[in-house]
Structures are given as structure tokens and as C-alpha cells.
Amino acid sequence: MSQTQQLDVDMVDPEPIRFLDVDGRYAPTSSASAFADELEGVGLDEFKEWYRAMAFTRAFDTEATHLQRQGQLALWAPSVGQEGCQVGLAHAAEPQDHLFPAYREHTIAHVRGVDFLSVAMLFRGFTHGGWDVTDPTNGNFHLYTLVLGSQSHHASGYALGQVLDAKRREGNTKLDPGEAGTETGEASMVFYGDGTSSQGDTSEAMVFAASYQTPTVFVVQNNQWAISVPVERQSRTPLYRRALGFGIRSVQIDGNDPLAAYAVGRRFLRLAREGKGPGYIEALTYRIGAHTTSDDPTRYRQQAELEAWQQRDPIKRMEAYLRAQGVEDAFFDEVAVAADHEAKRVRDAVLAEPAPDADSMFAHVYSEEHPRIEEQRAWLDHYEASFETAEADGGAK
Amino acid sequence: MTVTTLSERTVLPMATAINEGLRAAMAADDRVLLMGEDIGPLGGVFRVTDKLQADFGSARVLDTPLAESGIIGSAIGLALRGYRPVIEIQFDGFIFPGFNQIVAHLAKITNRHEGAISMPVVIRVPYGGHIGAVEHHQESPEAYFAHTPGLRVVAPSTPNDAYWMIQQAIQSNDPVLFFEPKAKYWMKGEVDPTAPTANLHETRVAREGTDCTIAAYGAMVTMALQAAEVAESEGTSLEVVDLRSISPIHYDPLLESVRKTGRLVVAQEASGNASVGGEIAAYIAEHAFYSLEAPVLRVSGFDVPFPPARLEGYFLPDADRILEAVDRTMHY
């Protein structure tokens, strides 16, 4: 939890917005009341779906870690502990919205329709992408970005395109400094972490989003640790305050409460689509697992801290809420079995996927013909074929 | 909106030729947007975008916040949306805040998306010396970009080429770094808007000769042509090859020239170490070794930071430095 010291600034931080307390009781904070109407019409059926998505992701995540340990994935970045804000935000978005992730947004990928297999193939070292963002079944969920913060510009730039398209529909050729926002009917949402919030691109993107009033919602999942460096090294103030300085509406939420993420995400995205400017959400959460499978969190964080956050696990919290609403064992058992099946399906598919052809690395360097690439492609083909000839002649490769 | 584009052969300075090329590209395709610092009412610090905002509106010619990474990163987002952004970087040395967005993303997005996404983004960079300006305003950073797979890099040397090449760059579905020799912005030449004389990446022989080939691009083509004039008066016939494109390089005309003359001098303003000129020298040695009468020589800026303006005359290669290299290769 952020232990940032109080500074002598004229501002009191409201309590992070929360609807479900750590025990899964519906107990909204006073800061949550302004967002409560966003939950109207969202009931048990939806919450059960959210629970299912979180449980599926957890099972996949666990399987992916096993696959890495067995040498089948080059690396894995687990999202354990962060499923709560991800499932709420993913459901807050409308189909027409575009989402720009970092690389730990596995729940969001799943909810938007991306196959876990596609995510795994990136970490298997078979592709730098994994899914076709132009295919509508992938829910406008863009590719993972590994250079931290870069995607914030892609999201605000994309949203600028949404603004320009809306202006064209109105026959408006002006986009002047200081003008009001434009109703677009669609938004962009970008995800990054507390460490990334120090990257200049995240600040620049807020400048652009505010300047052009783009329909962009920035989400920082403050999971307390940037690999081994705590959030206190990144910021002396709660991160959500930074956005206020750019003229962007901003709140802090309990990032392990899916309802808070949904309600705030829904409000901010709607305001963005209505031309009322960008928003910023700091979701306070925790990376229960390692940064990646190459990491060793025991070197830098305390067991007591981990255990305290494990008590705040978003899946347990949702389960407690659902049980209190009368949802019975049969549902949870069914989800557990289905999640295991899904993890096994992905595992089998990962292992069955044929390795990419060497030729494929030349295929899409450019969209249009490029003589140097074609020369080298032909050369490698010839070179590889020479070994086949040598083998046929009795030589060894 | 009625926009008048160039329709007849006209003598124009290069800056105006680029302006006319941009106007034609914007009139032809409404997905083309201009983005940059001070490119609106001011028309850019070199006035290359003069009156374009008045003609097309502030939603097509975007004066952006002052942040190169943001400009380039936003252009990537706009290209994902289907736009064709054309960025003006104010000066060569100011491109580096945007370097990550160019080499880590712009260059790789098509590859990362396995061809499902194209990145038709043009980055215009006024580059090079000879203008007596302060630090970061006279540099030649093209080799960084020529080294990066996924980018195309070109540099026109004449107003007519500038007029056509900017339009061809905008039509390309790949990202193009468009290096404009700012020392030649006010050099005049005839622009023929009826048809292009070459494609974007075509090497062109700018002056025929028989004794030694000079390969150059951008402002150095003028220096090479001056050197050829002087050499002719001294009895040496230089062939000047204008590369126009430095990634990819269309080598066939250069190879043909070297096979004819047997000698090659490559001229560039950039520092020579790990430069485009070095790559050309290696390529020619690999492909025309038995035609060469002498080693390929490079005439480059020194491997020092671009010096204070009072010293730029010592740093920048000129016609005399080219002729000095010609003397060496002729007497090898």
C-alpha cells in the first residue's frame, strides 16, 4: 500500500473508491457514492461472468508459469492479483472502444475475445504479436507493448483519430487550441503500471490528450512494485494526482474491487465518448506473483506484505460476495473445472503449434516491396538448401 | 474547399516545391494530415507548410504540443486509425526525443502485426549544415534510420525531386524518413508537375562522366556537381550519381557507373564512422571489385560533434574536399 508521506500541499486525498470491502461485503466508501449509479442494471449474472473470467485467467496464468518452468515458454509475466481491476475495466469498455495494453493485461485480453493461446505464443517466442488486431473477434485489443509507456501515445493518437473522424462527420475542419471536446461515440483506453508512470511518454500523452480533448482513459495499475523498485521511488504523491495537473479528471480506486473498476471505468469512458475529455484511473492493486518468471521477489519484498495483499485477493473477494448473494458451490465447482479445461486446452495448443518458418521473418518488414529484404530472404533460402544438398551427399549439417 | 495545386512547369525554390507537393498530396487524399511544431499560421520555421493550414483547416494541419515523442507516437496512433500523417521535425537534432517511437515502434509495427497493419507515416527532417546555426540545428542523423529495418530513408537534391518525392513518400504504405537539405531550401529549379521522372527509391545519374564516379545525396549533390565543373576545367571527367534514396539504395546505376569509371568517391555531410558512405563503399567492393582501379574513398564530416558555426567550414565536406579525394583516387 502506498505509504507516501504527506506533503504540504492544499489537498486531501479521498478514500480510494471501493464498493466491495476486503471481505466481499457491499460497503461503498463515501468516495464511491458518486459512481454508484453506474452499477445499475449490473447484477448477479454479470458478476458471475466476471468471476468466471478472473478464474479462467488465474488458471491460464498458473499453467503459463508451469510451461515456462518446463522450458516451453521463454518467459511469462503473471497477472495474479490484478484480475479485479482488469475484469471491471474490460467490461466497462464498449465494443467500439480501443484498448492499448502493456503486457500483463491477460484478463482484459480474455474478456475482449483474444485467445489465451495467442498471448502464450508471444511468450513462447513464436511471434512479436500474437493476434490480429484488425480481426473484430479480438475486440479492438491492441498488441502488448514491451517498451514501457510507448503505448500511451498510440492510445491518445488513436483517440485523436476518433476526434478527427467525428469532426469530419460534422463537416468541421477546425481543431483549434482550447476548443471544447468532440462527441465521438467511441474511446481509447491505455494500461500501464506504477513504474511506467515515470516514463516521459506517459506525461506527454496526457499533454496531447488534454490539449486535443481526446476520448482517452489512462489506467495505471499501481501494483506497488516495478520489478524490484517500490512505488515510493517513482512518486512522492499518489499517482492519480499527476493527471490533475494536466487538467485530466482523475481518481484512485481499490484495484482489487471489480465493481469500483467497472463503475469508474464506465463513467470515465462515457464522458470521454461524449466529448468531455480524457480521464485517469489509478487502481491500487498488488502483483502477488513475480514480475516475470525471471524475477525473485523474495530478494526485495517482505513476506508479511505479500500475505497482507493475499487477503485482498480480488477473486476471493468476488467469491465471498457471490456466496453472500446465495450463489452455491455448484457454480464455483463448475467454474473451477471449466477453468482447468481451458488451461489444459491452451497448454495442448501451445505444444501443438508448429514453429514459425525462418522465411516468415522477412515477410512483413515492409508493406511494400524491398530489394534488400528480398535478396537476404533468397540468400537464407539458398544457404539452408545447401545443407540439405550436403546431407543428401552424405555430409552432416 | 477549393485548393489550387501546381499545374504548370514552374521555377521554384525547394521549400516551395515541397509545399506544393504537400498541397497536392493533401488535395489527392483526405487521410493525409500534417503534424508538427509551428507549422500552422507560421508555416513552419522554414515556411515549408506556408498557407496549408489556411487551405485545409486546423484539423488537417495540426500545430502540436512541443514534444517530438508525442508527435511521432500520436502519428502512430493516427496511422492505426487509417490516417496518413506527415510530420515536420523542426530541426535534425530535435528528432532524438522521438527516437524510441521511430525505431522501437514505427519501424516495427507492421512486422509486429505480421502485415495486418501498415504504417504510412512520413517524417520530414530539415537536415544538414551550411546555415551557421547553433548546436543541434545542422546535423545529419540519417545513418541511424538507414540502419533500422522497417524504415525507408530518402533525401532529394533538387526542387523537382523534392516536389515528387514528398508525394511518393506520402503514397508509400511504409514509414519514410524524408531528409530535406535545408541549405538548398532556397535553391531554385524547374518543377514539372505533369509527371514524375523517377520513383521514390531510384538512383539517378546527375551528370555523366568517364574518369571517376561521385556518389552523393541531398545537399552534397550540389557540391559534387560543382566539383565536376572544376574537374572538367582541369581535364578530369566526373560522373555524379544522385542516390536520392539511402534506404533502400538502388545500386544498379551506381554499379554501372563504377564499372565504367573504375573509381568511386562517396560524399556525405554526416560523420564517416559507421555511415551510409561506409556501407556503399563495402557494397561496391563486394560487387564491383574487379572493376575498381582504386579503393573507394569516403569524403565525410569528421568524427566529432558538429562544431560551432564558425568552424563548420572546416567540418563540412565541400567541392574542394571532393576534388582532393578525386586526386587521390586518380593517382592511386
# chains A, B, ... in the order shown; residues from 1 in each chain; ligands from 1
>>> closest_atom_pairs(of="chain A", to="chain B", cutoff="9 Å", atoms="only C-alpha atoms", output="CSV")
residue,atom,partner,partner_atom,distance
A:Thr127,CA,B:Arg112,CA,7.6
A:His128,CA,B:Arg112,CA,5.2
A:Gly129,CA,B:Arg112,CA,5.1
A:Gly130,CA,B:His113,CA,7.9
A:Trp131,CA,B:His113,CA,7.7
A:Asp132,CA,B:His113,CA,6.7
A:Val133,CA,B:His113,CA,7.7
A:Thr134,CA,B:Ala116,CA,6.9
A:Leu143,CA,B:His113,CA,7.9
A:Val147,CA,B:Ala104,CA,7.7
A:Ser150,CA,B:Gln101,CA,7.0
A:Gln151,CA,B:Gly73,CA,7.9
A:Ser152,CA,B:Gly73,CA,8.2
A:His153,CA,B:Gly73,CA,4.8
A:His154,CA,B:Gly77,CA,4.1
A:Ala155,CA,B:Gly77,CA,6.1
A:Ser156,CA,B:Ser74,CA,6.4
A:Gly157,CA,B:Ser74,CA,3.7
A:Tyr158,CA,B:Gly77,CA,4.0
A:Ala159,CA,B:Gly77,CA,7.6
A:Leu160,CA,B:Leu78,CA,6.9
A:Gly161,CA,B:Leu78,CA,5.2
A:Gln162,CA,B:Arg81,CA,7.7
A:Leu164,CA,B:Ala59,CA,6.8
A:Lys167,CA,B:Ala59,CA,8.2
A:Arg168,CA,B:Ala59,CA,9.0
A:Asn172,CA,B:Ala59,CA,8.0
A:Thr173,CA,B:Gly57,CA,5.1
A:Lys174,CA,B:Ser58,CA,4.7
A:Leu175,CA,B:Ala59,CA,4.7
A:Asp176,CA,B:Ser58,CA,6.3
A:Pro177,CA,B:Asp63,CA,8.8
A:Gly200,CA,B:Ser69,CA,8.9
A:Asp201,CA,B:Gly70,CA,6.9
A:Glu204,CA,B:Gly70,CA,5.8
A:Ala205,CA,B:Gly70,CA,6.3
A:Val207,CA,B:Pro65,CA,7.4
A:Phe208,CA,B:Pro65,CA,6.7
A:Ser211,CA,B:Pro65,CA,7.7
A:Ser360,CA,B:Glu114,CA,8.8
A:Met361,CA,B:Asn111,CA,8.2
A:Phe362,CA,B:Asn111,CA,8.8
A:Ala363,CA,B:Glu114,CA,7.7
A:His364,CA,B:Asn111,CA,4.8
A:Val365,CA,B:Asn111,CA,5.0
A:Tyr366,CA,B:Gly150,CA,5.7
A:Ser367,CA,B:Asp174,CA,5.9
A:Glu368,CA,B:Asn173,CA,6.8
A:His370,CA,B:Pro248,CA,7.2
A:Pro371,CA,B:Pro248,CA,7.2
A:Arg372,CA,B:Pro248,CA,6.8
>>> residues_around(residues="segment 20-27 of chain B", least_positions_apart="2", cutoff="8 Å", atoms="only C-alpha atoms", output="PyMOL selection string")
chain B and resi 3+5-6+16-18+29-33+49+52+162-164+166-167+170
>>> write_last_selection(atoms="N, CA and C atoms", output="PDB file, in the first residue's frame")
ATOM      1  N   VAL B   3      -8.798  24.208 -53.424  1.00  0.00           N
ATOM      2  CA  VAL B   3      -7.361  24.342 -53.229  1.00  0.00           C
ATOM      3  C   VAL B   3      -6.718  24.311 -54.598  1.00  0.00           C
ATOM      4  N   THR B   5      -3.663  23.641 -56.845  1.00  0.00           N
ATOM      5  CA  THR B   5      -2.374  22.954 -56.845  1.00  0.00           C
ATOM      6  C   THR B   5      -1.599  23.321 -58.098  1.00  0.00           C
ATOM      7  N   LEU B   6      -0.316  23.047 -58.044  1.00  0.00           N
ATOM      8  CA  LEU B   6       0.577  23.397 -59.145  1.00  0.00           C
ATOM      9  C   LEU B   6       0.163  22.617 -60.391  1.00  0.00           C
ATOM     10  N   THR B  16       9.422  25.759 -51.480  1.00  0.00           N
ATOM     11  CA  THR B  16       8.115  25.954 -52.105  1.00  0.00           C
ATOM     12  C   THR B  16       7.689  24.710 -52.878  1.00  0.00           C
ATOM     13  N   ALA B  17       8.675  24.038 -53.469  1.00  0.00           N
ATOM     14  CA  ALA B  17       8.355  22.804 -54.196  1.00  0.00           C
ATOM     15  C   ALA B  17       7.790  21.763 -53.234  1.00  0.00           C
ATOM     16  N   ILE B  18       8.380  21.660 -52.035  1.00  0.00           N
ATOM     17  CA  ILE B  18       7.856  20.703 -51.046  1.00  0.00           C
ATOM     18  C   ILE B  18       6.457  21.139 -50.616  1.00  0.00           C
ATOM     19  N   ASP B  29      -5.717  13.130 -51.239  1.00  0.00           N
ATOM     20  CA  ASP B  29      -6.115  12.103 -50.271  1.00  0.00           C
ATOM     21  C   ASP B  29      -6.429  12.780 -48.939  1.00  0.00           C
ATOM     22  N   ASP B  30      -7.696  12.744 -48.546  1.00  0.00           N
ATOM     23  CA  ASP B  30      -8.060  13.492 -47.333  1.00  0.00           C
ATOM     24  C   ASP B  30      -7.638  12.783 -46.043  1.00  0.00           C
ATOM     25  N   ARG B  31      -7.018  11.612 -46.170  1.00  0.00           N
ATOM     26  CA  ARG B  31      -6.458  10.981 -44.970  1.00  0.00           C
ATOM     27  C   ARG B  31      -5.087  11.554 -44.613  1.00  0.00           C
ATOM     28  N   VAL B  32      -4.527  12.357 -45.525  1.00  0.00           N
ATOM     29  CA  VAL B  32      -3.198  12.932 -45.259  1.00  0.00           C
ATOM     30  C   VAL B  32      -3.340  14.093 -44.284  1.00  0.00           C
ATOM     31  N   LEU B  33      -2.578  14.025 -43.198  1.00  0.00           N
ATOM     32  CA  LEU B  33      -2.569  15.080 -42.171  1.00  0.00           C
ATOM     33  C   LEU B  33      -1.150  15.597 -42.011  1.00  0.00           C
ATOM     34  N   THR B  49       5.396  24.731 -44.772  1.00  0.00           N
ATOM     35  CA  THR B  49       3.950  24.465 -44.735  1.00  0.00           C
ATOM     36  C   THR B  49       3.126  25.754 -44.879  1.00  0.00           C
ATOM     37  N   LEU B  52      -0.788  26.227 -45.710  1.00  0.00           N
ATOM     38  CA  LEU B  52      -1.502  24.946 -45.820  1.00  0.00           C
ATOM     39  C   LEU B  52      -2.616  24.845 -44.785  1.00  0.00           C
ATOM     40  N   ALA B 162      12.162  17.037 -54.962  1.00  0.00           N
ATOM     41  CA  ALA B 162      11.505  17.277 -53.676  1.00  0.00           C
ATOM     42  C   ALA B 162       9.990  17.290 -53.847  1.00  0.00           C
ATOM     43  N   TYR B 163       9.525  17.930 -54.914  1.00  0.00           N
ATOM     44  CA  TYR B 163       8.081  18.012 -55.191  1.00  0.00           C
ATOM     45  C   TYR B 163       7.476  16.622 -55.373  1.00  0.00           C
ATOM     46  N   TRP B 164       8.168  15.793 -56.146  1.00  0.00           N
ATOM     47  CA  TRP B 164       7.617  14.462 -56.431  1.00  0.00           C
ATOM     48  C   TRP B 164       7.871  13.469 -55.311  1.00  0.00           C
ATOM     49  N   ILE B 166       8.182  13.891 -52.116  1.00  0.00           N
ATOM     50  CA  ILE B 166       7.343  14.018 -50.919  1.00  0.00           C
ATOM     51  C   ILE B 166       5.974  13.370 -51.191  1.00  0.00           C
ATOM     52  N   GLN B 167       5.495  13.510 -52.405  1.00  0.00           N
ATOM     53  CA  GLN B 167       4.209  12.874 -52.722  1.00  0.00           C
ATOM     54  C   GLN B 167       4.330  11.357 -52.763  1.00  0.00           C
ATOM     55  N   ILE B 170       4.517  10.027 -49.263  1.00  0.00           N
ATOM     56  CA  ILE B 170       3.193  10.017 -48.619  1.00  0.00           C
ATOM     57  C   ILE B 170       2.351   8.857 -49.153  1.00  0.00           C
TER      58      ILE B 170
END
>>> select_by_dssp(residues="segment 21-221 of chain B", states="strand (DSSP E or B)", output="PyMOL selection string")
chain B and resi 32-36+61-63+84-88+122-127+152-154+176-181+188-191+204-207+212-216
>>> write_last_selection(atoms="N, CA and C atoms", output="CSV table (one decimal), in the first residue's frame")
chain,number,residue,atom,x,y,z
B,32,VAL,N,-4.5,12.4,-45.5
B,32,VAL,CA,-3.2,12.9,-45.3
B,32,VAL,C,-3.3,14.1,-44.3
B,33,LEU,N,-2.6,14.0,-43.2
B,33,LEU,CA,-2.6,15.1,-42.2
B,33,LEU,C,-1.1,15.6,-42.0
B,34,LEU,N,-1.0,16.9,-41.7
B,34,LEU,CA,0.3,17.4,-41.3
B,34,LEU,C,0.3,17.6,-39.8
B,35,MET,N,1.5,17.3,-39.2
B,35,MET,CA,1.6,17.5,-37.7
B,35,MET,C,3.0,18.0,-37.5
B,36,GLY,N,3.1,18.9,-36.5
B,36,GLY,CA,4.4,19.4,-36.2
B,36,GLY,C,4.3,20.7,-35.3
B,61,VAL,N,-4.0,20.3,-40.6
B,61,VAL,CA,-2.6,20.8,-40.4
B,61,VAL,C,-2.6,21.1,-38.9
B,62,LEU,N,-2.0,20.2,-38.1
B,62,LEU,CA,-2.1,20.2,-36.7
B,62,LEU,C,-0.8,20.8,-36.1
B,63,ASP,N,-1.0,22.0,-35.5
B,63,ASP,CA,0.1,22.5,-34.6
B,63,ASP,C,0.0,21.7,-33.3
B,84,ARG,N,-2.9,9.2,-42.7
B,84,ARG,CA,-1.5,9.2,-43.2
B,84,ARG,C,-0.8,10.4,-42.8
B,85,PRO,N,-0.2,10.4,-41.6
B,85,PRO,CA,0.4,11.6,-41.0
B,85,PRO,C,1.7,11.9,-41.7
B,86,VAL,N,1.9,13.2,-41.9
B,86,VAL,CA,3.2,13.7,-42.3
B,86,VAL,C,3.7,14.7,-41.3
B,87,ILE,N,4.8,14.3,-40.7
B,87,ILE,CA,5.3,15.0,-39.5
B,87,ILE,C,6.5,16.0,-39.9
B,88,GLU,N,6.5,17.2,-39.4
B,88,GLU,CA,7.7,18.0,-39.5
B,88,GLU,C,8.4,18.0,-38.2
B,122,VAL,N,5.1,9.7,-42.7
B,122,VAL,CA,6.3,10.4,-43.3
B,122,VAL,C,6.8,11.3,-42.2
B,123,ILE,N,8.1,11.3,-42.0
B,123,ILE,CA,8.8,12.2,-41.1
B,123,ILE,C,9.7,13.1,-41.9
B,124,ARG,N,9.3,14.4,-42.0
B,124,ARG,CA,10.2,15.3,-42.7
B,124,ARG,C,11.2,15.9,-41.8
B,125,VAL,N,12.5,15.9,-42.2
B,125,VAL,CA,13.5,16.3,-41.3
B,125,VAL,C,14.4,17.3,-42.1
B,126,PRO,N,14.3,18.6,-41.8
B,126,PRO,CA,15.3,19.6,-42.4
B,126,PRO,C,16.6,19.2,-41.8
B,127,TYR,N,17.6,18.9,-42.7
B,127,TYR,CA,18.9,18.4,-42.1
B,127,TYR,C,20.1,19.0,-42.8
B,152,ARG,N,12.1,3.5,-44.4
B,152,ARG,CA,12.7,3.9,-45.7
B,152,ARG,C,13.3,5.3,-45.5
B,153,VAL,N,14.4,5.6,-46.2
B,153,VAL,CA,15.1,6.9,-45.9
B,153,VAL,C,15.4,7.5,-47.3
B,154,VAL,N,15.0,8.7,-47.5
B,154,VAL,CA,15.3,9.4,-48.8
B,154,VAL,C,15.8,10.8,-48.5
B,176,VAL,N,8.5,6.6,-43.9
B,176,VAL,CA,9.6,7.2,-44.7
B,176,VAL,C,10.2,8.3,-43.9
B,177,LEU,N,11.5,8.3,-43.7
B,177,LEU,CA,12.2,9.4,-43.2
B,177,LEU,C,12.6,10.3,-44.4
B,178,PHE,N,12.1,11.5,-44.4
B,178,PHE,CA,12.3,12.4,-45.6
B,178,PHE,C,13.3,13.5,-45.2
B,179,PHE,N,14.5,13.3,-45.6
B,179,PHE,CA,15.6,14.3,-45.2
B,179,PHE,C,15.6,15.4,-46.2
B,180,GLU,N,15.3,16.6,-45.7
B,180,GLU,CA,15.3,17.8,-46.6
B,180,GLU,C,16.6,18.6,-46.4
B,181,PRO,N,17.4,18.8,-47.5
B,181,PRO,CA,18.7,19.5,-47.3
B,181,PRO,C,18.4,21.0,-47.1
B,188,LYS,N,16.7,27.4,-56.5
B,188,LYS,CA,15.6,27.3,-57.4
B,188,LYS,C,15.9,26.2,-58.5
B,189,GLY,N,14.8,25.7,-59.0
B,189,GLY,CA,14.9,24.8,-60.1
B,189,GLY,C,13.5,24.6,-60.7
B,190,GLU,N,13.4,24.1,-61.9
B,190,GLU,CA,12.1,23.9,-62.6
B,190,GLU,C,11.4,22.7,-62.0
B,191,VAL,N,10.2,22.9,-61.6
B,191,VAL,CA,9.3,21.8,-61.2
B,191,VAL,C,8.3,21.5,-62.3
B,204,ARG,N,19.8,8.2,-59.7
B,204,ARG,CA,19.8,8.9,-60.9
B,204,ARG,C,21.2,9.4,-61.2
B,205,VAL,N,21.6,9.3,-62.5
B,205,VAL,CA,22.9,9.9,-62.8
B,205,VAL,C,22.6,11.4,-63.1
B,206,ALA,N,23.3,12.2,-62.3
B,206,ALA,CA,23.0,13.7,-62.4
B,206,ALA,C,23.9,14.4,-63.4
B,207,ARG,N,25.1,13.7,-63.6
B,207,ARG,CA,26.0,14.3,-64.6
B,207,ARG,C,26.8,13.1,-65.1
B,212,CYS,N,35.8,9.1,-63.0
B,212,CYS,CA,35.6,8.8,-61.6
B,212,CYS,C,34.2,9.1,-61.3
B,213,THR,N,33.6,8.2,-60.5
B,213,THR,CA,32.2,8.4,-60.0
B,213,THR,C,32.1,9.1,-58.7
B,214,ILE,N,31.3,10.1,-58.5
B,214,ILE,CA,31.0,10.7,-57.2
B,214,ILE,C,29.6,10.3,-56.9
B,215,ALA,N,29.4,9.6,-55.7
B,215,ALA,CA,28.0,9.3,-55.2
B,215,ALA,C,27.7,10.2,-54.1
B,216,ALA,N,26.5,10.8,-54.2
B,216,ALA,CA,26.1,11.7,-53.1
B,216,ALA,C,24.6,11.8,-53.0
>>> residues_around(residues="segment 258-264 of chain B", least_positions_apart="5", cutoff="9 Å", atoms="only C-alpha atoms", output="list of chain:residue names")
B:Gly209, B:Thr210, B:Asp211, B:Cys212, B:Thr213, B:Ile214, B:Ala215, B:Leu238, B:Glu239, B:Pro253, B:Ala281, B:Ile284, B:Ala288, B:Tyr290, B:Ser291, B:Leu292, B:Glu293, B:Ala294, B:Pro295, B:Val296, B:Leu297, B:Arg298, B:Val326, B:Thr329, B:Met330
>>> write_last_selection(atoms="C-alpha atoms", output="mmCIF file, in the first residue's frame")
data_model
loop_
_atom_site.group_PDB
_atom_site.id
_atom_site.type_symbol
_atom_site.label_atom_id
_atom_site.label_comp_id
_atom_site.auth_asym_id
_atom_site.auth_seq_id
_atom_site.Cartn_x
_atom_site.Cartn_y
_atom_site.Cartn_z
ATOM 1 C CA GLY B 209 31.455 11.430 -66.928
ATOM 2 C CA THR B 210 34.139 8.850 -67.599
ATOM 3 C CA ASP B 211 37.049 9.087 -65.143
ATOM 4 C CA CYS B 212 35.620 8.817 -61.632
ATOM 5 C CA THR B 213 32.178 8.434 -60.047
ATOM 6 C CA ILE B 214 30.999 10.658 -57.217
ATOM 7 C CA ALA B 215 28.037 9.279 -55.250
ATOM 8 C CA LEU B 238 33.471 13.125 -63.146
ATOM 9 C CA GLU B 239 30.202 11.220 -63.209
ATOM 10 C CA PRO B 253 23.057 2.620 -61.744
ATOM 11 C CA ALA B 281 31.950 1.505 -50.072
ATOM 12 C CA ILE B 284 30.736 -1.639 -54.174
ATOM 13 C CA ALA B 288 32.437 -4.455 -58.385
ATOM 14 C CA TYR B 290 37.379 -6.308 -60.366
ATOM 15 C CA SER B 291 36.164 -3.062 -61.926
ATOM 16 C CA LEU B 292 37.865 -0.876 -59.368
ATOM 17 C CA GLU B 293 41.154 0.819 -60.230
ATOM 18 C CA ALA B 294 41.479 2.211 -56.708
ATOM 19 C CA PRO B 295 39.879 1.809 -53.282
ATOM 20 C CA VAL B 296 36.542 3.505 -52.752
ATOM 21 C CA LEU B 297 37.131 6.758 -50.861
ATOM 22 C CA ARG B 298 34.783 8.484 -48.453
ATOM 23 C CA VAL B 326 39.383 12.599 -56.672
ATOM 24 C CA THR B 329 41.894 8.048 -56.382
ATOM 25 C CA MET B 330 43.144 9.208 -59.785
#
>>> residues_around(residues="segment 284-301 of chain A", least_positions_apart="3", cutoff="9 Å", atoms="only C-alpha atoms", output="PyMOL selection string")
chain A and resi 1-2+16+65+68-69+75-82+84-85+220-230+252-256+304-307+309-310+312-313
>>> write_last_selection(atoms="N, CA and C atoms", output="short mmCIF file (atom, residue, chain, number, x, y, z; two decimals), in the first residue's frame")
data_model
loop_
_atom_site.label_atom_id
_atom_site.label_comp_id
_atom_site.auth_asym_id
_atom_site.auth_seq_id
_atom_site.Cartn_x
_atom_site.Cartn_y
_atom_site.Cartn_z
N MET A 1 0.85 -1.20 0.00
CA MET A 1 0.00 0.00 0.00
C MET A 1 0.88 1.24 0.00
N SER A 2 0.44 2.26 -0.67
CA SER A 2 1.25 3.48 -0.76
C SER A 2 1.43 4.12 0.61
N PRO A 16 -9.78 5.77 -1.46
CA PRO A 16 -9.91 5.12 -2.77
C PRO A 16 -11.32 4.56 -2.95
N THR A 65 2.88 -20.25 -16.22
CA THR A 65 4.08 -20.29 -15.38
C THR A 65 4.68 -21.70 -15.41
N GLN A 68 6.51 -22.22 -18.63
CA GLN A 68 7.83 -21.57 -18.64
C GLN A 68 8.82 -22.42 -17.85
N ARG A 69 8.39 -22.93 -16.72
CA ARG A 69 9.30 -23.72 -15.90
C ARG A 69 9.73 -25.00 -16.61
N LEU A 75 9.47 -16.94 -21.40
CA LEU A 75 9.26 -16.02 -20.28
C LEU A 75 7.77 -16.00 -20.01
N TRP A 76 7.39 -15.68 -18.78
CA TRP A 76 5.98 -15.44 -18.52
C TRP A 76 5.85 -14.30 -17.52
N ALA A 77 4.85 -13.44 -17.76
CA ALA A 77 4.57 -12.30 -16.88
C ALA A 77 3.21 -12.55 -16.23
N PRO A 78 3.20 -13.06 -15.02
CA PRO A 78 1.91 -13.40 -14.39
C PRO A 78 1.13 -12.16 -13.96
N SER A 79 -0.18 -12.30 -13.99
CA SER A 79 -1.05 -11.17 -13.61
C SER A 79 -1.78 -11.45 -12.30
N VAL A 80 -1.36 -12.50 -11.59
CA VAL A 80 -2.06 -12.93 -10.38
C VAL A 80 -2.19 -11.77 -9.40
N GLY A 81 -3.41 -11.51 -8.97
CA GLY A 81 -3.67 -10.42 -8.03
C GLY A 81 -4.25 -9.19 -8.69
N GLN A 82 -4.07 -9.07 -10.00
CA GLN A 82 -4.52 -7.86 -10.70
C GLN A 82 -5.77 -8.11 -11.55
N GLY A 84 -8.83 -8.21 -10.71
CA GLY A 84 -10.03 -7.48 -10.28
C GLY A 84 -10.26 -6.21 -11.07
N CYS A 85 -9.25 -5.31 -11.08
CA CYS A 85 -9.45 -4.07 -11.83
C CYS A 85 -9.54 -4.38 -13.32
N VAL A 220 -3.57 3.44 -14.69
CA VAL A 220 -2.32 2.97 -14.10
C VAL A 220 -2.68 1.94 -13.04
N GLN A 221 -2.23 0.71 -13.29
CA GLN A 221 -2.39 -0.35 -12.28
C GLN A 221 -1.18 -0.24 -11.35
N ASN A 222 -1.41 0.39 -10.23
CA ASN A 222 -0.32 0.58 -9.26
C ASN A 222 -0.23 -0.71 -8.44
N ASN A 223 0.66 -1.60 -8.91
CA ASN A 223 0.80 -2.89 -8.20
C ASN A 223 1.95 -2.84 -7.20
N GLN A 224 2.38 -1.64 -6.90
CA GLN A 224 3.33 -1.34 -5.82
C GLN A 224 4.79 -1.59 -6.17
N TRP A 225 5.05 -2.38 -7.20
CA TRP A 225 6.43 -2.74 -7.49
C TRP A 225 6.70 -2.69 -8.99
N ALA A 226 7.81 -2.02 -9.38
CA ALA A 226 8.30 -2.05 -10.75
C ALA A 226 9.50 -3.00 -10.75
N ILE A 227 9.29 -4.24 -11.09
CA ILE A 227 10.21 -5.33 -10.74
C ILE A 227 10.55 -5.18 -9.26
N SER A 228 11.75 -4.66 -8.94
CA SER A 228 12.18 -4.69 -7.54
C SER A 228 12.10 -3.32 -6.86
N VAL A 229 11.65 -2.32 -7.58
CA VAL A 229 11.69 -0.96 -7.05
C VAL A 229 10.28 -0.54 -6.62
N PRO A 230 10.12 -0.13 -5.37
CA PRO A 230 8.79 0.20 -4.88
C PRO A 230 8.27 1.52 -5.45
N GLN A 252 -8.60 7.65 -7.60
CA GLN A 252 -7.90 6.46 -7.12
C GLN A 252 -8.96 5.44 -6.72
N ILE A 253 -8.78 4.21 -7.16
CA ILE A 253 -9.76 3.19 -6.79
C ILE A 253 -9.06 2.02 -6.09
N ASP A 254 -9.86 1.25 -5.38
CA ASP A 254 -9.38 -0.03 -4.88
C ASP A 254 -9.30 -0.96 -6.09
N GLY A 255 -8.11 -1.25 -6.50
CA GLY A 255 -7.92 -2.02 -7.73
C GLY A 255 -8.22 -3.50 -7.59
N ASN A 256 -8.57 -3.93 -6.41
CA ASN A 256 -8.96 -5.34 -6.25
C ASN A 256 -10.47 -5.48 -6.10
N ALA A 304 5.39 -10.58 4.86
CA ALA A 304 4.20 -10.04 5.54
C ALA A 304 3.39 -9.17 4.59
N GLU A 305 4.09 -8.40 3.76
CA GLU A 305 3.39 -7.55 2.80
C GLU A 305 2.61 -8.40 1.80
N LEU A 306 3.27 -9.43 1.31
CA LEU A 306 2.63 -10.33 0.36
C LEU A 306 1.38 -10.97 0.98
N GLU A 307 1.53 -11.44 2.22
CA GLU A 307 0.40 -12.11 2.86
C GLU A 307 -0.76 -11.15 3.08
N TRP A 309 -1.58 -8.69 1.23
CA TRP A 309 -2.27 -8.49 -0.05
C TRP A 309 -3.00 -9.74 -0.51
N GLN A 310 -2.48 -10.89 -0.13
CA GLN A 310 -3.19 -12.12 -0.50
C GLN A 310 -4.58 -12.16 0.14
N ARG A 312 -6.39 -9.73 0.26
CA ARG A 312 -7.21 -8.80 -0.54
C ARG A 312 -7.44 -9.34 -1.95
N ASP A 313 -7.13 -10.57 -2.17
CA ASP A 313 -7.24 -11.20 -3.49
C ASP A 313 -8.61 -10.91 -4.12
#
